[in-house]
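Peer 1: File follows, upload-v7.cif with mmCIF, C-alpha atoms (C1' of nucleotides):
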data_structure
#
loop_
_atom_site.label_atom_id
_atom_site.label_comp_id
_atom_site.auth_asym_id
_atom_site.auth_seq_id
_atom_site.Cartn_x
_atom_site.Cartn_y
_atom_site.Cartn_z
CA MET A 9 21.41 -13.75 -81.63
CA ASN A 10 25.14 -13.13 -81.68
CA ASP A 11 27.62 -10.64 -83.08
CA SER A 12 27.66 -11.66 -86.72
CA ALA A 13 23.91 -11.98 -86.82
CA TRP A 14 23.24 -8.51 -85.49
CA SER A 15 25.76 -7.04 -87.88
CA THR A 16 23.57 -8.06 -90.79
CA VAL A 17 20.41 -6.76 -89.17
CA PHE A 18 21.50 -3.15 -89.02
CA ALA A 19 23.66 -3.00 -92.11
CA VAL A 20 23.00 0.13 -94.11
CA THR A 21 25.56 0.28 -96.88
CA GLU A 22 25.30 -2.92 -98.83
CA SER A 23 27.84 -1.74 -101.38
CA ARG A 24 30.60 -2.05 -98.81
CA ASN A 25 31.36 -4.98 -96.62
CA GLN A 26 30.58 -3.22 -93.37
CA PRO A 27 27.66 -1.18 -92.13
CA THR A 28 28.92 2.31 -91.34
CA GLY A 29 25.93 4.45 -90.44
CA ALA A 30 25.62 6.38 -87.19
CA ALA A 31 22.45 4.45 -86.39
CA PHE A 32 24.38 1.20 -86.56
CA LEU A 33 27.26 2.52 -84.48
CA LEU A 34 24.84 3.74 -81.84
CA ALA A 35 23.08 0.39 -81.71
CA GLN A 36 26.42 -1.42 -81.61
CA LEU A 37 27.96 0.73 -78.87
CA GLY A 38 24.73 0.98 -76.91
CA ALA A 39 24.40 -2.79 -76.75
CA HIS A 40 28.07 -3.08 -75.86
CA ALA A 41 27.76 -0.55 -73.04
CA ALA A 42 24.66 -2.29 -71.69
CA ASN A 43 26.28 -5.73 -71.92
CA ARG A 44 29.46 -4.55 -70.20
CA PHE A 45 27.50 -3.02 -67.37
CA ALA A 46 25.48 -6.22 -67.01
CA ALA A 47 28.71 -8.24 -66.86
CA ARG A 48 30.17 -5.95 -64.21
CA ILE A 49 27.20 -6.13 -61.90
CA ALA A 50 26.90 -9.87 -62.47
CA ASP A 51 30.09 -10.00 -60.39
CA LEU A 52 27.99 -8.63 -57.56
CA GLY A 53 25.45 -11.38 -58.17
CA LEU A 54 22.95 -8.90 -59.60
CA SER A 55 21.08 -8.49 -62.87
CA PRO A 56 20.38 -5.10 -64.50
CA ALA A 57 16.78 -5.52 -63.35
CA ASP A 58 17.96 -6.03 -59.76
CA VAL A 59 19.96 -2.82 -59.89
CA GLY A 60 16.98 -0.92 -61.24
CA LEU A 61 14.76 -2.28 -58.50
CA LEU A 62 17.25 -1.47 -55.74
CA ARG A 63 17.67 2.07 -57.03
CA MET A 64 13.93 2.60 -57.31
CA ILE A 65 13.44 1.47 -53.73
CA ALA A 66 16.42 3.50 -52.51
CA ALA A 67 14.96 6.60 -54.19
CA ARG A 68 11.60 6.13 -52.48
CA PRO A 69 11.82 3.82 -49.46
CA GLY A 70 8.54 2.35 -48.30
CA ARG A 71 6.96 2.31 -51.75
CA SER A 72 4.54 -0.52 -52.58
CA GLN A 73 4.89 -3.30 -55.13
CA GLN A 74 1.93 -1.81 -56.99
CA SER A 75 3.75 1.49 -57.49
CA LEU A 76 6.78 -0.43 -58.66
CA ALA A 77 4.63 -2.38 -61.14
CA ALA A 78 3.23 0.87 -62.53
CA ASP A 79 6.66 2.48 -62.96
CA LEU A 80 8.18 -0.67 -64.38
CA GLY A 81 5.35 -1.18 -66.83
CA VAL A 82 4.88 -4.79 -65.74
CA VAL A 83 2.01 -6.61 -64.07
CA PRO A 84 1.95 -6.90 -60.26
CA SER A 85 2.55 -10.65 -60.36
CA ARG A 86 5.81 -9.91 -62.14
CA VAL A 87 6.92 -7.68 -59.27
CA THR A 88 6.38 -10.53 -56.85
CA ALA A 89 8.81 -12.63 -58.88
CA LEU A 90 11.28 -9.74 -59.18
CA ILE A 91 11.34 -8.87 -55.49
CA ASP A 92 11.39 -12.48 -54.22
CA PRO A 93 15.11 -13.11 -54.93
CA LEU A 94 16.11 -9.73 -53.52
CA ASP A 95 14.08 -10.52 -50.42
CA ARG A 96 15.68 -13.96 -50.12
CA ALA A 97 19.14 -12.42 -50.65
CA GLY A 98 18.47 -10.15 -47.68
CA LEU A 99 18.63 -6.95 -49.73
CA VAL A 100 14.97 -5.94 -49.67
CA GLU A 101 12.61 -6.16 -46.75
CA ARG A 102 8.81 -6.43 -47.08
CA ARG A 103 7.10 -4.71 -44.17
CA ARG A 104 3.32 -4.89 -43.89
CA SER A 105 1.98 -1.36 -44.05
CA THR A 106 0.53 -0.42 -40.68
CA GLY A 107 -2.00 1.93 -42.25
CA ASP A 108 -3.29 -0.47 -44.91
CA ARG A 109 -2.36 -4.03 -44.12
CA ARG A 110 -2.99 -5.16 -47.71
CA ASN A 111 0.22 -3.72 -49.06
CA TYR A 112 3.89 -3.97 -48.26
CA GLU A 113 6.32 -1.16 -47.64
CA LEU A 114 9.56 -2.04 -49.38
CA HIS A 115 12.84 -1.11 -47.74
CA LEU A 116 16.51 -1.74 -48.37
CA THR A 117 18.47 -3.59 -45.69
CA PRO A 118 21.80 -2.40 -44.29
CA GLU A 119 23.39 -5.09 -46.43
CA ALA A 120 21.76 -3.48 -49.49
CA ALA A 121 23.35 -0.16 -48.56
CA ARG A 122 26.76 -1.80 -48.87
CA VAL A 123 25.74 -3.31 -52.22
CA MET A 124 24.57 0.11 -53.43
CA ASP A 125 28.03 1.48 -52.72
CA GLU A 126 29.51 -1.24 -54.89
CA ILE A 127 26.99 -0.50 -57.64
CA LYS A 128 27.92 3.17 -57.58
CA LYS A 129 31.63 2.35 -57.85
CA THR A 130 30.81 -0.01 -60.70
CA ALA A 131 28.81 2.64 -62.58
CA ILE A 132 31.64 5.15 -62.29
CA ALA A 133 34.21 2.62 -63.45
CA HIS A 134 31.90 1.66 -66.29
CA GLU A 135 31.60 5.26 -67.49
CA ALA A 136 35.38 5.70 -67.38
CA ASP A 137 35.90 2.42 -69.22
CA ILE A 138 33.46 3.17 -72.04
CA THR A 139 34.88 6.66 -72.67
CA SER A 140 38.54 5.82 -72.11
CA ALA A 141 39.35 6.41 -75.79
CA LEU A 142 38.34 10.07 -75.58
CA ASP A 143 40.01 13.07 -74.03
CA PRO A 144 37.84 15.39 -71.89
CA SER A 145 37.06 17.70 -74.80
CA GLN A 146 36.03 14.83 -77.05
CA ARG A 147 33.93 13.36 -74.29
CA ALA A 148 32.07 16.66 -73.89
CA GLN A 149 31.64 16.88 -77.65
CA LEU A 150 30.20 13.37 -77.79
CA ILE A 151 27.74 14.08 -75.00
CA THR A 152 26.63 17.26 -76.77
CA LEU A 153 25.95 15.41 -80.01
CA LEU A 154 24.20 12.54 -78.27
CA GLU A 155 22.00 14.95 -76.34
CA LEU A 156 21.07 16.70 -79.58
CA ILE A 157 19.89 13.40 -81.01
CA ALA A 158 18.13 12.40 -77.82
CA ALA A 159 16.21 15.67 -77.73
CA ASP A 160 15.35 15.42 -81.42
CA GLN A 161 14.09 11.88 -80.93
CA ASN A 162 11.93 12.99 -78.01
CA LEU A 163 13.74 10.74 -75.57
CA THR A 164 13.09 11.66 -71.98
CA PRO A 165 16.40 12.75 -70.44
CA GLY A 166 17.69 9.99 -68.23
CA VAL A 167 15.13 7.45 -69.35
CA HIS A 168 16.37 4.32 -71.04
CA PRO A 169 13.92 2.81 -73.54
CA GLY A 170 14.71 -0.74 -72.46
CA TYR A 171 14.68 -3.57 -74.90
CA ARG A 172 11.06 -4.44 -75.42
CA ARG A 173 8.93 -5.78 -78.26
CA MET B 28 11.34 -3.52 -68.19
CA ASN B 29 10.23 -0.08 -69.30
CA ASP B 30 11.60 3.43 -69.60
CA SER B 31 11.62 4.48 -65.98
CA ALA B 32 13.07 1.18 -64.89
CA TRP B 33 16.00 1.28 -67.24
CA SER B 34 16.71 4.85 -66.30
CA THR B 35 17.54 3.72 -62.81
CA VAL B 36 19.69 0.85 -63.99
CA PHE B 37 22.26 2.95 -65.77
CA ALA B 38 22.16 6.04 -63.62
CA VAL B 39 25.63 7.35 -62.90
CA THR B 40 25.28 10.66 -61.14
CA GLU B 41 23.18 10.09 -58.09
CA SER B 42 23.68 13.64 -56.88
CA ARG B 43 21.57 14.94 -59.76
CA ASN B 44 18.16 13.79 -60.78
CA GLN B 45 19.21 12.44 -64.15
CA PRO B 46 21.96 10.14 -65.32
CA THR B 47 24.17 12.11 -67.67
CA GLY B 48 27.14 9.93 -68.56
CA ALA B 49 28.13 9.06 -72.10
CA ALA B 50 27.70 5.38 -71.29
CA PHE B 51 24.10 5.97 -70.36
CA LEU B 52 23.41 8.11 -73.42
CA LEU B 53 24.91 5.44 -75.66
CA ALA B 54 22.79 2.73 -74.07
CA GLN B 55 19.72 4.92 -74.27
CA LEU B 56 20.18 5.96 -77.91
CA GLY B 57 21.37 2.52 -78.99
CA ALA B 58 18.26 0.87 -77.58
CA HIS B 59 16.13 3.59 -79.15
CA ALA B 60 17.74 3.12 -82.56
CA ALA B 61 17.32 -0.65 -82.36
CA ASN B 62 13.69 -0.37 -81.22
CA ARG B 63 12.83 2.11 -83.97
CA PHE B 64 14.35 -0.12 -86.61
CA ALA B 65 12.45 -3.11 -85.24
CA ALA B 66 9.22 -1.11 -85.37
CA ARG B 67 9.86 -0.07 -88.96
CA ILE B 68 10.51 -3.57 -90.24
CA ALA B 69 7.59 -4.91 -88.21
CA ASP B 70 5.50 -3.04 -90.79
CA LEU B 71 6.97 -5.46 -93.33
CA GLY B 72 5.92 -8.36 -91.12
CA LEU B 73 9.53 -9.08 -90.17
CA SER B 74 11.53 -9.28 -86.95
CA PRO B 75 15.14 -8.05 -86.60
CA ALA B 76 16.17 -11.71 -86.60
CA ASP B 77 14.32 -12.28 -89.89
CA VAL B 78 16.18 -9.38 -91.49
CA GLY B 79 19.50 -10.73 -90.28
CA LEU B 80 18.72 -14.17 -91.66
CA LEU B 81 17.59 -12.83 -95.05
CA ARG B 82 20.72 -10.71 -95.35
CA MET B 83 22.97 -13.61 -94.38
CA ILE B 84 21.38 -15.82 -97.02
CA ALA B 85 21.44 -13.03 -99.61
CA ALA B 86 25.14 -12.51 -98.96
CA ARG B 87 25.90 -16.20 -99.47
CA PRO B 88 23.13 -18.01 -101.32
CA GLY B 89 23.09 -21.77 -100.98
CA ARG B 90 24.63 -21.79 -97.51
CA SER B 91 23.56 -24.52 -95.10
CA GLN B 92 21.64 -24.24 -91.85
CA GLN B 93 24.74 -25.49 -90.05
CA SER B 94 26.82 -22.56 -91.31
CA LEU B 95 24.02 -20.23 -90.27
CA ALA B 96 23.97 -21.79 -86.80
CA ALA B 97 27.72 -21.29 -86.46
CA ASP B 98 27.60 -17.63 -87.54
CA LEU B 99 24.53 -16.91 -85.44
CA GLY B 100 26.01 -18.54 -82.38
CA VAL B 101 22.91 -20.65 -81.85
CA VAL B 102 22.30 -24.39 -81.93
CA PRO B 103 21.19 -26.03 -85.20
CA SER B 104 17.74 -26.82 -83.80
CA ARG B 105 17.24 -23.11 -83.32
CA VAL B 106 17.95 -22.46 -86.99
CA THR B 107 15.20 -24.89 -87.90
CA ALA B 108 12.77 -22.79 -85.89
CA LEU B 109 14.14 -19.54 -87.34
CA ILE B 110 13.95 -20.61 -90.97
CA ASP B 111 10.56 -22.33 -90.74
CA PRO B 112 8.47 -19.12 -90.76
CA LEU B 113 10.54 -17.60 -93.57
CA ASP B 114 10.06 -20.82 -95.53
CA ARG B 115 6.32 -20.79 -94.87
CA ALA B 116 6.16 -17.10 -95.83
CA GLY B 117 7.69 -18.00 -99.18
CA LEU B 118 10.84 -15.94 -98.64
CA VAL B 119 13.38 -18.72 -98.17
CA GLU B 120 13.60 -21.94 -100.11
CA ARG B 121 15.23 -25.14 -98.79
CA ARG B 122 16.81 -27.11 -101.61
CA ARG B 123 18.35 -30.49 -100.86
CA SER B 124 22.02 -30.30 -101.74
CA THR B 125 22.74 -32.49 -104.73
CA GLY B 126 26.31 -33.12 -103.64
CA ASP B 127 25.56 -34.01 -100.02
CA ARG B 128 21.92 -34.88 -99.54
CA ARG B 129 22.11 -34.42 -95.79
CA ASN B 130 22.05 -30.66 -95.93
CA TYR B 131 19.90 -27.96 -97.47
CA GLU B 132 21.01 -25.15 -99.69
CA LEU B 133 19.14 -22.04 -98.58
CA HIS B 134 18.03 -19.56 -101.23
CA LEU B 135 15.92 -16.41 -101.32
CA THR B 136 12.82 -16.46 -103.49
CA PRO B 137 11.94 -13.72 -106.02
CA GLU B 138 9.43 -12.48 -103.45
CA ALA B 139 12.28 -12.12 -100.96
CA ALA B 140 14.17 -9.96 -103.44
CA ARG B 141 11.28 -7.49 -103.38
CA VAL B 142 11.26 -7.59 -99.58
CA MET B 143 15.01 -6.94 -99.50
CA ASP B 144 14.43 -3.77 -101.52
CA GLU B 145 11.95 -2.61 -98.91
CA ILE B 146 14.39 -3.44 -96.13
CA LYS B 147 17.10 -1.39 -97.82
CA LYS B 148 14.78 1.60 -98.17
CA THR B 149 13.82 1.18 -94.53
CA ALA B 150 17.44 1.12 -93.38
CA ILE B 151 18.25 4.30 -95.30
CA ALA B 152 15.19 6.08 -93.91
CA HIS B 153 16.13 4.85 -90.44
CA GLU B 154 19.64 6.29 -90.68
CA ALA B 155 18.28 9.64 -91.87
CA ASP B 156 15.69 9.67 -89.10
CA ILE B 157 18.13 8.91 -86.29
CA THR B 158 20.64 11.56 -87.39
CA SER B 159 18.12 14.21 -88.45
CA ALA B 160 19.16 16.51 -85.58
CA LEU B 161 22.71 16.81 -86.91
CA ASP B 162 24.16 18.71 -89.85
CA PRO B 163 26.60 16.83 -92.11
CA SER B 164 29.65 18.06 -90.20
CA GLN B 165 28.20 17.05 -86.85
CA ARG B 166 27.21 13.68 -88.25
CA ALA B 167 30.79 13.09 -89.43
CA GLN B 168 32.09 14.22 -86.05
CA LEU B 169 29.78 11.82 -84.24
CA ILE B 170 30.80 8.89 -86.41
CA THR B 171 34.46 9.72 -85.77
CA LEU B 172 33.98 9.72 -82.00
CA LEU B 173 31.89 6.57 -82.02
CA GLU B 174 34.48 4.79 -84.14
CA LEU B 175 37.20 5.82 -81.69
CA ILE B 176 35.25 4.22 -78.87
CA ALA B 177 34.40 1.13 -80.91
CA ALA B 178 38.07 0.59 -81.77
CA ASP B 179 39.13 1.17 -78.18
CA GLN B 180 36.54 -1.30 -76.95
CA ASN B 181 37.77 -3.90 -79.44
CA LEU B 182 34.44 -4.06 -81.22
CA THR B 183 34.63 -5.68 -84.61
CA PRO B 184 33.68 -3.05 -87.20
CA GLY B 185 30.17 -3.72 -88.42
CA VAL B 186 29.44 -6.36 -85.83
CA HIS B 187 26.59 -5.72 -83.42
CA PRO B 188 27.04 -7.38 -80.01
CA GLY B 189 23.39 -8.34 -79.75
CA TYR B 190 21.60 -8.33 -76.45
CA ARG B 191 22.65 -11.49 -74.73
CA ARG B 192 23.12 -12.52 -71.15
"C1'" DT C 12 31.14 -43.67 -86.78
"C1'" DA C 13 30.29 -38.73 -87.99
"C1'" DT C 14 27.28 -35.04 -89.82
"C1'" DT C 15 22.78 -32.38 -91.20
"C1'" DG C 16 18.64 -31.36 -89.84
"C1'" DT C 17 14.25 -32.36 -86.99
"C1'" DT C 18 11.61 -33.48 -83.00
"C1'" DA C 19 10.92 -33.89 -78.05
"C1'" DT C 20 11.76 -31.98 -73.76
"C1'" DA C 21 12.91 -28.68 -70.34
"C1'" DC C 22 13.95 -24.13 -68.51
"C1'" DT C 23 13.37 -19.11 -68.38
"C1'" DC C 24 10.72 -15.01 -68.92
"C1'" DT C 25 6.54 -12.86 -68.94
"C1'" DA C 26 1.47 -12.16 -69.10
"C1'" DT C 27 -3.49 -13.50 -67.76
"C1'" DA C 28 -6.56 -15.17 -64.55
"C1'" DA C 29 -8.05 -17.02 -60.24
"C1'" DC C 30 -7.41 -16.67 -55.39
"C1'" DT C 31 -6.50 -14.75 -50.33
"C1'" DA C 32 -6.47 -11.21 -47.18
"C1'" DT C 33 -7.78 -6.77 -46.26
"C1'" DA C 34 -10.39 -2.60 -46.96
"C1'" DT D 26 -17.29 -4.46 -54.14
"C1'" DA D 27 -12.44 -2.95 -54.77
"C1'" DT D 28 -7.42 -3.31 -53.91
"C1'" DA D 29 -2.47 -5.47 -52.73
"C1'" DG D 30 -0.18 -9.26 -53.40
"C1'" DT D 31 0.35 -14.41 -54.51
"C1'" DT D 32 -0.23 -18.62 -57.00
"C1'" DA D 33 -1.44 -21.26 -61.11
"C1'" DT D 34 -1.30 -21.56 -65.81
"C1'" DA D 35 -0.01 -20.64 -70.48
"C1'" DG D 36 2.82 -18.97 -74.35
"C1'" DA D 37 7.21 -17.36 -76.41
"C1'" DG D 38 12.09 -18.09 -76.85
"C1'" DT D 39 15.99 -20.90 -76.48
"C1'" DA D 40 19.01 -24.84 -75.12
"C1'" DT D 41 19.99 -30.04 -74.59
"C1'" DA D 42 19.34 -34.53 -76.06
"C1'" DA D 43 17.56 -38.22 -78.82
"C1'" DC D 44 16.52 -39.39 -83.47
"C1'" DA D 45 16.39 -40.17 -88.89
"C1'" DA D 46 18.68 -39.87 -93.08
"C1'" DT D 47 22.89 -39.64 -95.30
"C1'" DA D 48 27.82 -39.87 -95.61
#
Show me, as structure tokens, the structure contained in the file I just sent.

Peer 2:
Amino acid sequence: MNDSAWSTVFAVTESRNQPTGAAFLLAQLGAHAANRFAARIADLGLSPADVGLLRMIAARPGRSQQSLAADLGVVPSRVTALIDPLDRAGLVERRRSTGDRRNYELHLTPEAARVMDEIKKTAIAHEADITSALDPSQRAQLITLLELIAADQNLTPGVHPGYRR
Amino acid sequence: MNDSAWSTVFAVTESRNQPTGAAFLLAQLGAHAANRFAARIADLGLSPADVGLLRMIAARPGRSQQSLAADLGVVPSRVTALIDPLDRAGLVERRRSTGDRRNYELHLTPEAARVMDEIKKTAIAHEADITSALDPSQRAQLITLLELIAADQNLTPGVHPGYRR
DNA sequence: TATTGTTATACTCTATAACTATA
DNA sequence: TATAGTTATAGAGTATAACAATA
């Protein structure tokens, strides 16, 4: 579904030509921010899912595919498919656990470390890009308001709801 | 991909435990707002796409599937699949155009008019729900800041980017 | 020959279930 | 028997291409 289509989905004020509510603006800007980030990391040959996986492994090296499946909320067979390309790309290494030879210990390769640096640079550039219209005071104000809403909506700080359903 | 997964995708500040950037908050709240709206209209037996289609037809009754395809940014065969369930549900009527019998003129049924009322109520409740943490002045402030960003990012007012790619 | 809409086909994403190796 | 991971299969969503009816 493209731009025009989504505009009609979230429209609130039918009396005017354009939807103007805060809910619509949030959905519009949120999708834009997510799309822009996806486009940026696509230049690195990665998908948003790839970045998530790499970060999860970086945060806890040696973790199993099962633990990843649990945290991701997907079935184990899905993790196989998600890790395969990263393995083939030489970014993730599957090492048989010495203690329990049924499971793998997932590790990032040295190459992945270089990629993670690029991802970090990309994330910082992305943040600057998205907020470039605001001065520092406005940016702080925006974050305050957004955090008020996030708390009110019972969103876990730092946890993105994804796009499911 | 679920909550925890997405949190790692957009993380900006690796030195802290949580991502805190405005870009992340926008993506988080935008996805939340879109998900909540989808959940609400699911109670009406509709998908976000259905709502978009109904609104597009309501805004220009008699329009063809081709024009819908163009505005939606999808191929004509996709429109067939999108309209079919709405037709079967008795919400959209395909009338052969008398002038050019190749195309249909799409119209909403009286039943659809009742559904549109429900959608409107839902959208208003949704807006109130999402912004319930803010007082009127804060809500105006938020909209101002979001509109600054939207303009800076060259987003067409009232046009949602969708979740493509 | 060009256009509107449908059908057939294929590709991607994801889940369920059966299977292998290990415990 | 239970667990980690893989493979096989199926269903949803969407695009491409071939087709029928009409122009």

Peer 1: Could you work out which residues of chain C fall inside 9 Å of chain A? Count only C-alpha atoms (C1' of nucleotides), and format the result as a list of chain:residue names.

Peer 2: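 The complete set of qualifying residues is C:DT25, C:DA26, C:DA32, C:DT33, C:DA34.
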
Peer 1: For this file, the PyMOL selection byres ((chain D and resi 33) around 9) selects which residues, as a ChimeraX atom specification?

Peer 2: /C:28-29 /D:32,34

Peer 1: Between CA of Leu52 (chain B) and CA of Asp70 (chain B), measure the distance and give it in Å to one decimal.

Peer 2: 27.3 Å

Peer 1: Separation of CA of Glu113 (chain A) and CA of Ile65 (chain A), in Å?

Peer 2: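 Computed distance, CA of Glu113 (chain A) to CA of Ile65 (chain A), equals 9.7 Å.
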
Peer 1: Apply the PyMOL selection byres ((chain C and resi 22) around 12) to the file shown and report the selected residues as a PyMOL selection string.

Peer 2: (chain C and resi 20-21+23-24) or (chain D and resi 38-41)

Peer 1: Could you check how far CA of Val142 (chain B) sits from CA of Gly29 (chain A), in Å to one decimal?

Peer 2: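 Computing it gives 21.1 Å between the two atoms.
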
Peer 1: As a list in words, please: the residues near Leu95 (chain B) (cut-off 10 Å, only C-alpha atoms (C1' of nucleotides), same-chain neighbours under 4 positions excluded).

Peer 2: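 Residues meeting the cut-off are Ser12 and Ala13 of chain A; Leu80, Met83, Ile84, Arg90, Ser91, Leu99, Gly100, Val101, Val102, Pro103, Val106 and Leu133 of chain B.
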
Peer 1: Could you write out as a ChimeraX atom specification the residues of chain D within 9 Å of chain A, counting all atoms listed in the file?

Peer 2: /D:28-31

Peer 1: Could you tell me, as a CSV table (one decimal) with C-alpha atoms, in the coordinates of the input, exactly which residues end up selected when the PyMOL selection byres ((chain B and resi 59) around 10) is applied to this structure?

Peer 2:
chain,number,residue,atom,x,y,z
A,31,ALA,CA,22.4,4.4,-86.4
A,34,LEU,CA,24.8,3.7,-81.8
A,35,ALA,CA,23.1,0.4,-81.7
A,38,GLY,CA,24.7,1.0,-76.9
A,158,ALA,CA,18.1,12.4,-77.8
A,161,GLN,CA,14.1,11.9,-80.9
A,163,LEU,CA,13.7,10.7,-75.6
A,168,HIS,CA,16.4,4.3,-71.0
A,169,PRO,CA,13.9,2.8,-73.5
A,170,GLY,CA,14.7,-0.7,-72.5
A,171,TYR,CA,14.7,-3.6,-74.9
B,53,LEU,CA,24.9,5.4,-75.7
B,54,ALA,CA,22.8,2.7,-74.1
B,55,GLN,CA,19.7,4.9,-74.3
B,56,LEU,CA,20.2,6.0,-77.9
B,57,GLY,CA,21.4,2.5,-79.0
B,58,ALA,CA,18.3,0.9,-77.6
B,60,ALA,CA,17.7,3.1,-82.6
B,61,ALA,CA,17.3,-0.6,-82.4
B,62,ASN,CA,13.7,-0.4,-81.2
B,63,ARG,CA,12.8,2.1,-84.0
B,64,PHE,CA,14.4,-0.1,-86.6
B,65,ALA,CA,12.4,-3.1,-85.2
B,157,ILE,CA,18.1,8.9,-86.3

Peer 1: Considering all atoms listed in the file, can you say which of B:Ala96, B:Ile151, B:Leu113, B:Leu73 comes closest to chain A?

Peer 2: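 Closest to chain A, using all atoms listed in the file: B:Ile151.
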
Peer 1: Using all atoms listed in the file, which residue out of A:Gly98, A:Pro93, A:Pro56, A:Pro144 lies closest to chain B?

Peer 2: A:Pro56

Peer 1: Kindly provide, as JSON, the centre and edge lengths (Å, one decimal) of an axis-aligned box around all atoms of region 110-119 of chain B given in the file, with 4 Å on each side.

Peer 2:
{"center_x": 10.1, "center_y": -19.1, "center_z": -95.0, "size_x": 15.8, "size_y": 14.4, "size_z": 16.4}

Peer 1: Taking all atoms listed in the file into account, name the residue in B:Asp179, B:Asp114, B:Asp144, B:Asp162 that is nearest to chain A.

Peer 2: B:Asp179

Peer 1: For chain B, which residue among A:Arg63, A:His115, A:Arg96, A:Arg122 is the nearest when counting only C-alpha atoms?

Peer 2: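 For chain B, the nearest of the candidates is A:Arg63.
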
Peer 1: What lies within 8 Å of Ile176 (chain B) using all atoms listed in the file, ignoring chain neighbours under 6 positions off, as an MDAnalysis selection string?

Peer 2: chainID A and resid 138:142

Peer 1: Using only C-alpha atoms, please write the residues we just selected to a file, as an mmCIF file, in the frame of the given file.

Peer 2:
data_model
loop_
_atom_site.group_PDB
_atom_site.id
_atom_site.type_symbol
_atom_site.label_atom_id
_atom_site.label_comp_id
_atom_site.auth_asym_id
_atom_site.auth_seq_id
_atom_site.Cartn_x
_atom_site.Cartn_y
_atom_site.Cartn_z
ATOM 1 C CA ILE A 138 33.460 3.170 -72.040
ATOM 2 C CA THR A 139 34.880 6.660 -72.670
ATOM 3 C CA SER A 140 38.540 5.820 -72.110
ATOM 4 C CA ALA A 141 39.350 6.410 -75.790
ATOM 5 C CA LEU A 142 38.340 10.070 -75.580
#

Peer 1: Ranking A:Leu116, A:Ile127, A:Ala30, A:Ala133 by minimum distance to Ala67 (chain A) and counting only C-alpha atoms, which one comes first?

Peer 2: A:Leu116
